[in-house]
Amino acid sequence: MESSKLLRKRNPVLYWITRVLLYGALLFAAAIMLLPFLWMLSASVKLQQDVFEFPIRWIPKEFQWENYSIIWKQIPLLTYFKNTAFLTIVITIIQLITSSFAAYAFAKMQFKGRDTLFLMYVTTIAIPWQVYMVPQYIMMGKFGLTDSLFGMILMHSFTAFGVFLIRQFYIGIPNELLEAARIDGLSEYGIWMRIMLPLSKPAIATLCITTFVTEWNDFMGPLIYLSTDSKKTLQLGLRLFIGMYSADYQLVMAASVVSLIPVFIMFVCLQRFFVEGIATSGLKG
């Protein structure tokens with residue numbers, strides 16, 4: 001920031017040329033990343049024979065909005081949508097609670113072996129899920145929780161990444177503020193709810209978005225654990241839909257667009273806090 005201001009004072013022409021080139025490069029990169037999504041959106045309202053026409057007609061002659069009504073009739077997409085929404089919302093809420101609780105203990109409470117326990121817990125982030133996938137399945141099978149939405153919720157209720165993210169934010173909150181609250185008679189739970197949570201909105205929003213997107217797009221977990229059709233999630237439903245209508249790309253694209261809508265809404269609502277959380281979480285502590 002300081003070097004940018006210094007360059008602006010010494011050489012305004014070079015400063016503006018640099019800014020124009022930088023923003024131009026960013027806009028070009030953004031356009032390249034958005035191109036597949038724009039094509040998907042365009043293809044979802046076309047006729048089958050117009051999907052792959054060349055050169056690409058980005059705006060169809062006639063919008064085929066009925067594609068979006070057809071997809072709900074071909075497979076029980078609404079059931080898959082409900083299952084995914086239930087799992088995603090419940091898991092996101094539980095992870096926010098468990099991660100913020102654990103982060104508060106690791107950041108602001110003193111107990112023997114705290115730092116060692118935190119290091120051991122965070123180290124699990126580096127372990128790929130494929131390493132313990134089979135033992136986890138065997139354990140869940142013995143508990144009788146395979147082919148169960150409750151089993152999926154139980155497995156995803158805790159996240160080392162969430163604890164690490166929120167702890168880094170909690171560390172930046174002054175201890176004097178907590179001591180003053182304790183003197184006023186506020187309990188540890190009251191401090192967590194009335195002080196820590198309101199002050200950590202960026203970190204909470206960041207974890208909320210990452211958890212929501214991860215759970216909504218999860219494919220391997222439901223594929224392995226869920227076998228009953230009425231319990232399957234949206235990603236499994238899309239895979240089934242693609243298998244049945246692989247030639248009807250306009251319907252596949254319409255179903256894909258529908259699956260992205262909740263994620264898009266979530267990000268738009270929380271993106272301000274998300275950007276702030278990413279920018280500040282690594283600077284705390």
# chains A, B, ... in the order shown; residues from 1 in each chain; ligands from 1
call {"tool": "select_by_dssp", "arguments": {"residues": "range 39-285 of chain A", "states": "alpha helix (DSSP H)", "output": "PyMOL selection string"}}
result
chain A and resi 39-43+67-74+77-108+114-123+129-142+149-155+160-171+175-183+188-191+197-199+201-216+220-225+234-244+249-281
call {"tool": "residues_around", "arguments": {"residues": "Leu145 in chain A", "least_positions_apart": "6", "cutoff": "10 Å", "atoms": "only C-alpha atoms", "output": "PDB file with N, CA, C and O atoms, in the first residue's frame"}}
result
ATOM      1  N   TYR A 137     -15.819 -46.427   7.389  1.00  0.00           N
ATOM      2  CA  TYR A 137     -17.017 -47.132   6.918  1.00  0.00           C
ATOM      3  C   TYR A 137     -17.299 -48.360   7.782  1.00  0.00           C
ATOM      4  O   TYR A 137     -18.460 -48.633   8.127  1.00  0.00           O
ATOM      5  N   MET A 139     -16.461 -48.789  10.917  1.00  0.00           N
ATOM      6  CA  MET A 139     -16.931 -48.313  12.222  1.00  0.00           C
ATOM      7  C   MET A 139     -18.392 -47.876  12.150  1.00  0.00           C
ATOM      8  O   MET A 139     -19.204 -48.235  13.021  1.00  0.00           O
ATOM      9  N   GLY A 151     -26.144 -40.642  10.215  1.00  0.00           N
ATOM     10  CA  GLY A 151     -24.748 -41.054  10.144  1.00  0.00           C
ATOM     11  C   GLY A 151     -23.900 -40.040   9.392  1.00  0.00           C
ATOM     12  O   GLY A 151     -22.771 -39.737   9.796  1.00  0.00           O
ATOM     13  N   MET A 152     -24.439 -39.496   8.302  1.00  0.00           N
ATOM     14  CA  MET A 152     -23.721 -38.474   7.550  1.00  0.00           C
ATOM     15  C   MET A 152     -23.503 -37.222   8.397  1.00  0.00           C
ATOM     16  O   MET A 152     -22.431 -36.623   8.379  1.00  0.00           O
ATOM     17  N   LEU A 154     -23.391 -37.098  11.701  1.00  0.00           N
ATOM     18  CA  LEU A 154     -22.452 -37.401  12.782  1.00  0.00           C
ATOM     19  C   LEU A 154     -21.008 -37.355  12.302  1.00  0.00           C
ATOM     20  O   LEU A 154     -20.124 -36.834  12.990  1.00  0.00           O
ATOM     21  N   MET A 155     -20.741 -37.873  11.113  1.00  0.00           N
ATOM     22  CA  MET A 155     -19.377 -37.898  10.592  1.00  0.00           C
ATOM     23  C   MET A 155     -18.837 -36.510  10.261  1.00  0.00           C
ATOM     24  O   MET A 155     -17.636 -36.276  10.298  1.00  0.00           O
ATOM     25  N   TYR A 225     -22.130 -44.077   1.415  1.00  0.00           N
ATOM     26  CA  TYR A 225     -22.936 -44.389   2.603  1.00  0.00           C
ATOM     27  C   TYR A 225     -24.437 -44.491   2.341  1.00  0.00           C
ATOM     28  O   TYR A 225     -25.149 -45.110   3.127  1.00  0.00           O
ATOM     29  N   LEU A 226     -24.939 -43.860   1.297  1.00  0.00           N
ATOM     30  CA  LEU A 226     -26.380 -43.832   1.064  1.00  0.00           C
ATOM     31  C   LEU A 226     -26.737 -44.725  -0.122  1.00  0.00           C
ATOM     32  O   LEU A 226     -26.230 -44.525  -1.225  1.00  0.00           O
TER      33      LEU A 226
END
call {"tool": "residues_around", "arguments": {"residues": "range 211-217 of chain A", "least_positions_apart": "3", "cutoff": "8 Å", "atoms": "only C-alpha atoms", "output": "list of chain:residue names"}}
result
A:Thr84, A:Ala85, A:Leu87, A:Thr88, A:Ile89, A:Ile91, A:Thr92, A:Gln95, A:Leu207, A:Cys208, A:Gln235, A:Val263
call {"tool": "closest_atom_pairs", "arguments": {"of": "range 70-122 of chain A", "to": "range 194-203 of chain A", "cutoff": "10 Å", "atoms": "only C-alpha atoms", "output": "CSV"}}
result
residue,atom,partner,partner_atom,distance
A:Leu96,CA,A:Ala203,CA,10.0
A:Ser100,CA,A:Leu197,CA,7.9
A:Phe101,CA,A:Leu197,CA,10.0
A:Tyr104,CA,A:Met196,CA,8.0
call {"tool": "atom_distance", "arguments": {"atom1": "CA of Ser44 in chain A", "atom2": "CA of Ile242 in chain A"}}
result
13.8 Å
